[in-house]
Each structure stands twice: as structure tokens, then as C-alpha cells.
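Single-structure report; data block below.
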Amino acid sequence: MIPVYNEERALPGCIDVLHRFLAEQFPFDWSIVVVDNASTDNTSAVAKDLAERYDRVRVMHLDRKGRGHALREAWGASAAAVVTYMDVDLSTGLDGLLPLVAPLVNGHSDVAIGSRLAPGSRTVRGPKREFVSRTYNALIRLWHGARFTDAQCGFKAARAEVVRPLLEHVRDDAWFFDTELLLLAEHNGLRVHEVPVDWVEDVDSRVDVVATARDDIKGLVRVARAKANGTARVPGLPQRPQPRAVHPDAVLSRSEGGLSWQVLSFAVIGGVSTLANLALYGLFRLWWPVLVANLVALVITTVFNTEANRRFTFAARDTTRGKTHLQGFVVFGLYYAFTSAALLLLPLVVHHPSRALELAVLLASSALGTVGRFLLLRSWVFRGNDRKDRV
């Protein structure tokens with residue numbers, strides 16, 4: 001699929017290069033669909049002329065703009081087993097196309113993306129777009145815990161049987177479409193394959209970087225809400241089976257470890273979190289009162305502490321991140337009440353306590369609170385996860 005909007009200049013060269021590459025070097029059956037995205041120039045006539053000139057080239061005309069809308073309509077109507085799209089400027093090197101679709105053809109992966117930020121990729125682009133791209137993708141990984149590195153490279157593919165149910169749940173019809181599709185794919189347990197690519201920026205772009213960035217932030221908030229309330233789950237999506245050992249005599253292990261591992265892992269994470277909390281508290285105490293400094297320090301460290309325990313201590317990576325963090329903050333509330341009570345009672349016992357004594361009391365209450373936190377996480381937040389047998 002080649003989605004286009006007012007691309008009468010770029011379209012002929014794109015089809016000529018792409019058609020020749022596919023005919024000479026691509027080992028699978030293929031076709032090219034030019035998706036005319038409500039163009040107002042001569043793009044429609046140019047596309048029809050190209051379809052008459054080249055075999056395996058078709059044109060789909062849409063009356064409404066939006067790259068997401070174009071891909072939804074074109075991918076949804078396709079009879080192919082694997083659907084792909086690339087930008088009309090061919091900024092991404094075509095030698096990445098076969099590595100992109102091969103793991104989808106053999107069933108190893110469900111969605112595949114080209115990445116300009118993965119190790120081994122090479123890009124030529126201006127500093128403005130480089131900064132915006134890296135900042136946006138870092139925000140996705142920080143906010144949503146995404147494992148892919150580049151959400152918006154115009155070079156993607158998917159297995160049709162998997163992407164069709166996802167398309168019904170992707171709400172964005174513009175540039176955020178790519179990000180939302182990938183976030184939903186990961187959230188629903190699909191395997192996303194990433195290919196490092198060579199990418200050369202074409203400055204003749206139709207993208208409004210500032211407006212797109214603003215809309216993308218709104219989209220990230222919306223998807224986060226959908227994850228939290230459960231509407232991001234896609235029913236009926238083909239599920240990848242759990243991995244099994246192929247060797248008949250394999251000695252299998254459990255991925256989550258026993259109680260001893262959980263205690264050790266929790267202790268290490270708790271120790272790091274406590275030191276971070278003390279450092280942040282000491283810093284914030286320079287400007288804020290006791291309770292405010294303690295609250296802000298605990299909120300910051302609790303988010304990272306809960307996520308670390310979800311991933312490593314209890315091996316609960318299949319749990320819903322939003323629900324887990326919500327329960328984690330309930331535990332945090334109890335923990336905060338306990339440590340704050342200790343700080344409030346201190347002046348009643350010792351008049352004008354020193355900052356060192358204040359930190360010592362905080363350390364002691366944090367240690368006791370950590371024990372209670374472990375018991376609540378194990379018995380409530382991640383209840384039953386340690387009984388799941390995985391290999």
C-alpha cells in the first residue's frame with residue numbers, strides 16, 4: 001500500500017522504482033495499491049495512468065484524508081496474507097522489505113516495523129526531526145513501557161488475520177494510527193518484529209511536525225486510559241501459543257522463581273528504591289515541608305518500584321500494567337501513611353529533631369513498611385502469578 005495525498009510529483013518515480021524492485025528481487029507474490037487519500041491535485045489521474053502502464057498496480061480512491069484512514073480501508077479490503085505499507089518518497093531503503101515480511105510469512109511474528117532508531121540503522125535527516133522523533137519514541141517507552149524503538153517510520157507490515165481485528169479498535173485516522181496500532185498489538189500479546197533500516201529524509205513532506213506531535217500526545221493519553229479501563233483488549237484476536245520445549249529430554253524451569261528468589265529480588269529493588277527515596281526526599285526537603293517532600297519522593301520511586309517487581313520479582317509481564325500500578329498505588333497509600341505517621345510522631349517524642357534523626361526515622365519506617373509491602377504485593381497485587389507454570 002502506498003498512501004498518497006497530493007503527490008503527483010513523487011508518485012511516478014516511486015512506482016517505477018518499487019515495481020522494478022519487486023519484479024526483479026522479491027520472492028513472494030505481490031501487488032501495489034496506490035491509496036489516493038482525497039488528493040486535490042492531479043494525483044488521481046497520475047495514479048490511474050500508472051495502473052494502466054504497470055501490471056499488478058491498482059488504485060483505491062478515498063474521499064477523506066488521513067493516513068490511518070487510508071491504511072484501515074486498504075488493509076481491511078486486501079485479500080493478501082501479509083499487508084504492508086511504505087511512504088511514497090521511498091525514504092526507507094527497499095533492501096529492508098524482505099527482512100520485514102519474511103517473519104510474517106513463516107508465522108514467527110505478527111507485526112513488523114522498520115526502525116530508524118534500532119541498532120544498525122542508518123539515517124540522514126535534519127536535527128529538528130531527529131530530536132522530535134527521539135523524544136517522542138522515548139516518551140512512548142517511558143509512558144507505556146513499549147519495547148519497540150520507532151513508532152512512526154513509514155515502513156510497516158502485518159499478518160492480515162491479526163491486523164484486521166486490531167483495525168476495529170484503532171480509533172485514530174491520521175498520523176497517530178501507527179503508534180496506536182503498535183501499542184494495541186503489544187498490549188494484546190502480539191509479537192512485533194523490528195528491522196533496522198537505512199532512511200534518507202525527503203524534505204518535501206506533507207507533515208506538520210508541531211500539530212502532529214500535539215495530536216500524538218493526546219493519543220498517548222487516550223490509549224493509556226483504554227489500557228487502564230480494559231477497552232484496549234481485543235477479543236477474538238489469534239493468540240500465539242505459549243513456548244514449549246522441542247527437545248524431548250529438556251529439563252524445564254519456572255520463569256518466575258520461588259519464594260527465595262522473590263525475597264532476594266524484592267530486597268534488591270527495595271534497597272535501590274529506598275536509597276533513591278532518601279536522596280529525593282533530602283533534595284525536596286530543601287524547598288518543601290516534610291509531608292510534601294515525602295509524598296513526591298514516594299510517588300516517583302513507587303512507579304519504578306512496582307514496574308521492576310512486576311517484571312523481575314513476580315515475573316508478571318502478562319498482567320495488565322494499568323491495573324497493577326493502580327493496586328501498587330493502593331499499597332503505596334498504606335506505605336505512605338505509615339512512613340508519614342512516623343515523621344509526624346517524631347517531634348512529639350524529640351523536640352526539634354535534627355535532619356539526620358529525621359532521615360534515620362524515615363529509614364526505619366521505610367524498612368518496616370517494605371516488609372508489609374512485599375506481603376501485599378505477593379498476596380494481592382500478583383496473587384496466583386507464582387502458581388503459573390511457564391517454561
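Every chain in the C-alpha cells has a letter given in the order shown (A, B, ...), and although residue numbers restart at 1 in each chain, ligands are simply numbered from 1 in the order shown.
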
* Name the residues of range 44-260 of chain A that fall into strand (DSSP E or B) according to DSSP on the backbone, using the chain letters and numbers of this document, as JSON, numbers by chain. => {"A": [57, 58, 59, 60, 61, 62, 82, 83, 84, 85, 86, 92, 111, 112, 113, 114, 115, 122, 123, 124, 155, 156, 157, 158, 159, 192, 193, 194, 195, 196, 198, 199, 200]}

If we count only C-alpha atoms and set the cut-off at 8 Å, which residues sit around Leu181 in chain A, ignoring sequence neighbours fewer than 6 positions away in its own chain? Please answer as a JSON list (two decimals) with all heavy atoms, in the first residue's frame.
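Listing of out-v3.json after writing:
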```
[["chain", "number", "residue", "atom", "x", "y", "z"],
["A", 166, "LEU", "N", -7.45, -5.83, 15.01],
["A", 166, "LEU", "CA", -6.87, -4.64, 15.62],
["A", 166, "LEU", "C", -7.42, -3.36, 14.99],
["A", 166, "LEU", "O", -7.65, -2.37, 15.68],
["A", 166, "LEU", "CB", -5.34, -4.67, 15.48],
["A", 166, "LEU", "CG", -4.55, -5.58, 16.41],
["A", 166, "LEU", "CD1", -3.07, -5.48, 16.08],
["A", 166, "LEU", "CD2", -4.78, -5.22, 17.87],
["A", 167, "LEU", "N", -7.62, -3.38, 13.67],
["A", 167, "LEU", "CA", -8.09, -2.18, 12.97],
["A", 167, "LEU", "C", -9.42, -1.69, 13.52],
["A", 167, "LEU", "O", -9.69, -0.49, 13.53],
["A", 167, "LEU", "CB", -8.22, -2.47, 11.48],
["A", 167, "LEU", "CG", -6.92, -2.71, 10.71],
["A", 167, "LEU", "CD1", -7.23, -3.09, 9.26],
["A", 167, "LEU", "CD2", -6.02, -1.49, 10.75],
["A", 170, "VAL", "N", -8.53, 0.51, 16.58],
["A", 170, "VAL", "CA", -7.68, 1.69, 16.40],
["A", 170, "VAL", "C", -8.57, 2.86, 16.02],
["A", 170, "VAL", "O", -9.22, 2.85, 14.97],
["A", 170, "VAL", "CB", -6.60, 1.46, 15.31],
["A", 170, "VAL", "CG1", -5.78, 2.73, 15.11],
["A", 170, "VAL", "CG2", -5.70, 0.30, 15.71]]
```

* Please provide the set of residues having any atom within 10 Å of Val163 in chain A, restricted to only C-alpha atoms, with same-chain residues fewer than 5 positions apart removed, written as number ranges by chain. => A: 72, 75-76, 82-83, 110-111, 157-158, 168, 181, 185, 237-238

Output N, CA and C atoms for every residue in the selection just made, as a PDB file, in the first residue's frame.
```
ATOM      1  N   ARG A  72      -6.456   1.757   7.071  1.00  0.00           N
ATOM      2  CA  ARG A  72      -7.584   0.968   7.570  1.00  0.00           C
ATOM      3  C   ARG A  72      -8.410   0.416   6.403  1.00  0.00           C
ATOM      4  N   TRP A  75      -5.912  -1.987   3.993  1.00  0.00           N
ATOM      5  CA  TRP A  75      -5.572  -3.253   4.641  1.00  0.00           C
ATOM      6  C   TRP A  75      -6.822  -4.095   4.888  1.00  0.00           C
ATOM      7  N   GLY A  76      -7.911  -3.429   5.276  1.00  0.00           N
ATOM      8  CA  GLY A  76      -9.133  -4.168   5.547  1.00  0.00           C
ATOM      9  C   GLY A  76      -9.723  -4.821   4.317  1.00  0.00           C
ATOM     10  N   VAL A  82      -0.282 -11.115   3.898  1.00  0.00           N
ATOM     11  CA  VAL A  82       0.550 -10.119   4.581  1.00  0.00           C
ATOM     12  C   VAL A  82       0.313  -8.784   3.906  1.00  0.00           C
ATOM     13  N   VAL A  83       0.022  -7.756   4.697  1.00  0.00           N
ATOM     14  CA  VAL A  83      -0.192  -6.410   4.163  1.00  0.00           C
ATOM     15  C   VAL A  83       0.943  -5.513   4.632  1.00  0.00           C
ATOM     16  N   ASP A 110       3.925 -11.276  14.222  1.00  0.00           N
ATOM     17  CA  ASP A 110       2.590 -10.827  13.846  1.00  0.00           C
ATOM     18  C   ASP A 110       2.598  -9.467  13.159  1.00  0.00           C
ATOM     19  N   VAL A 111       3.433  -8.563  13.652  1.00  0.00           N
ATOM     20  CA  VAL A 111       3.574  -7.224  13.088  1.00  0.00           C
ATOM     21  C   VAL A 111       5.056  -6.956  12.906  1.00  0.00           C
ATOM     22  N   ALA A 157       4.468  -3.720   8.248  1.00  0.00           N
ATOM     23  CA  ALA A 157       3.768  -4.859   7.673  1.00  0.00           C
ATOM     24  C   ALA A 157       3.085  -5.627   8.793  1.00  0.00           C
ATOM     25  N   ALA A 158       2.090  -6.440   8.430  1.00  0.00           N
ATOM     26  CA  ALA A 158       1.370  -7.226   9.434  1.00  0.00           C
ATOM     27  C   ALA A 158       0.716  -8.423   8.766  1.00  0.00           C
ATOM     28  N   GLU A 168     -10.261  -2.611  14.000  1.00  0.00           N
ATOM     29  CA  GLU A 168     -11.561  -2.215  14.531  1.00  0.00           C
ATOM     30  C   GLU A 168     -11.433  -1.448  15.842  1.00  0.00           C
ATOM     31  N   LEU A 181      -1.702   1.439  16.739  1.00  0.00           N
ATOM     32  CA  LEU A 181      -1.700   0.048  16.282  1.00  0.00           C
ATOM     33  C   LEU A 181      -0.633  -0.764  17.008  1.00  0.00           C
ATOM     34  N   ALA A 185      -1.106  -3.786  19.685  1.00  0.00           N
ATOM     35  CA  ALA A 185      -0.511  -5.086  19.359  1.00  0.00           C
ATOM     36  C   ALA A 185       0.291  -5.624  20.536  1.00  0.00           C
ATOM     37  N   LEU A 237      -8.809 -12.122  19.053  1.00  0.00           N
ATOM     38  CA  LEU A 237      -7.532 -11.970  18.369  1.00  0.00           C
ATOM     39  C   LEU A 237      -6.773 -13.301  18.401  1.00  0.00           C
ATOM     40  N   PRO A 238      -6.235 -13.765  17.263  1.00  0.00           N
ATOM     41  CA  PRO A 238      -5.462 -15.013  17.277  1.00  0.00           C
ATOM     42  C   PRO A 238      -4.319 -14.934  18.281  1.00  0.00           C
TER      43      PRO A 238
END
```

* Atomic separation - CA of Arg9 in chain A relative to CA of Ala51 in chain A, Å -> 16.0 Å

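Look at Arg58 in chain A: the protein and nucleic acid residues within 10 Å of it, using only C-alpha atoms and passing over chain neighbours fewer than 4 places away, are Met1, Ser31, Ile32, Val33, Val34, Val35, Ala47, Lys48, Leu50, Ala51, Glu52 and Tyr54 of chain A.
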
* **Distance query range 116-121 of chain A at most 8 Å, only C-alpha atoms, self and fewer than 5 positions along chain excluded, as a ChimeraX atom specification** => /A:134,149-150,153,194-199

* Selection near Ile217 in chain A, 12 Å with only C-alpha atoms, sequence-local residues under 5 positions removed, as a list in words ->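 Result of the neighbour search: Thr135, Tyr136, Asn137, Leu139, Ile140, Trp143, Trp175, Phe176, Thr179, Glu180, Val210, Ala211, Thr212, Arg222, Val223 and Ala224 of chain A.
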
Convert the current residue selection to file output with C-alpha atoms, as a short mmCIF file (atom, residue, chain, number, x, y, z; two decimals), in the first residue's frame.
```
data_model
loop_
_atom_site.label_atom_id
_atom_site.label_comp_id
_atom_site.auth_asym_id
_atom_site.auth_seq_id
_atom_site.Cartn_x
_atom_site.Cartn_y
_atom_site.Cartn_z
CA THR A 135 11.88 12.50 22.15
CA TYR A 136 8.53 11.10 21.06
CA ASN A 137 9.69 7.48 20.99
CA LEU A 139 8.12 9.18 25.75
CA ILE A 140 6.28 6.11 24.42
CA TRP A 143 4.89 6.12 29.49
CA TRP A 175 -0.57 10.09 11.93
CA PHE A 176 -1.08 8.57 15.39
CA THR A 179 1.58 4.30 17.28
CA GLU A 180 -1.87 3.21 18.39
CA VAL A 210 4.17 20.54 15.65
CA ALA A 211 0.49 19.71 15.07
CA THR A 212 1.31 16.02 14.69
CA ARG A 222 -6.27 8.15 25.27
CA VAL A 223 -4.57 4.78 24.78
CA ALA A 224 -3.33 4.84 28.38
#
```

Which polymer residues have any atom within 8 Å of an atom of His61 in chain A, counting only C-alpha atoms, with same-chain residues fewer than 3 positions away left out, as a short mmCIF file (atom, residue, chain, number, x, y, z; two decimals) with N, CA, C and O atoms, in the first residue's frame?
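That gives us around_35.cif:
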```cif
data_model
loop_
_atom_site.label_atom_id
_atom_site.label_comp_id
_atom_site.auth_asym_id
_atom_site.auth_seq_id
_atom_site.Cartn_x
_atom_site.Cartn_y
_atom_site.Cartn_z
N VAL A 35 -3.18 4.25 -2.70
CA VAL A 35 -4.38 4.70 -1.99
C VAL A 35 -4.44 6.21 -2.06
O VAL A 35 -3.74 6.91 -1.33
N ASP A 36 -5.26 6.73 -3.00
CA ASP A 36 -5.39 8.17 -3.18
C ASP A 36 -6.26 8.72 -2.07
O ASP A 36 -7.46 8.48 -2.00
N ASN A 37 -5.62 9.52 -1.20
CA ASN A 37 -6.22 9.95 0.06
C ASN A 37 -6.88 11.31 -0.08
O ASN A 37 -6.45 12.29 0.56
N ALA A 38 -7.90 11.40 -0.96
CA ALA A 38 -8.66 12.64 -1.17
C ALA A 38 -7.76 13.77 -1.69
O ALA A 38 -7.86 14.91 -1.26
N SER A 44 -4.82 11.69 -8.67
CA SER A 44 -5.73 10.62 -9.06
C SER A 44 -5.51 10.21 -10.52
O SER A 44 -5.43 9.02 -10.85
#
```

* A:Leu343, A:Leu295, A:Gly369, A:Pro243 ranked by distance to Leu357 in chain A, top pick (using only C-alpha atoms) -> A:Leu343
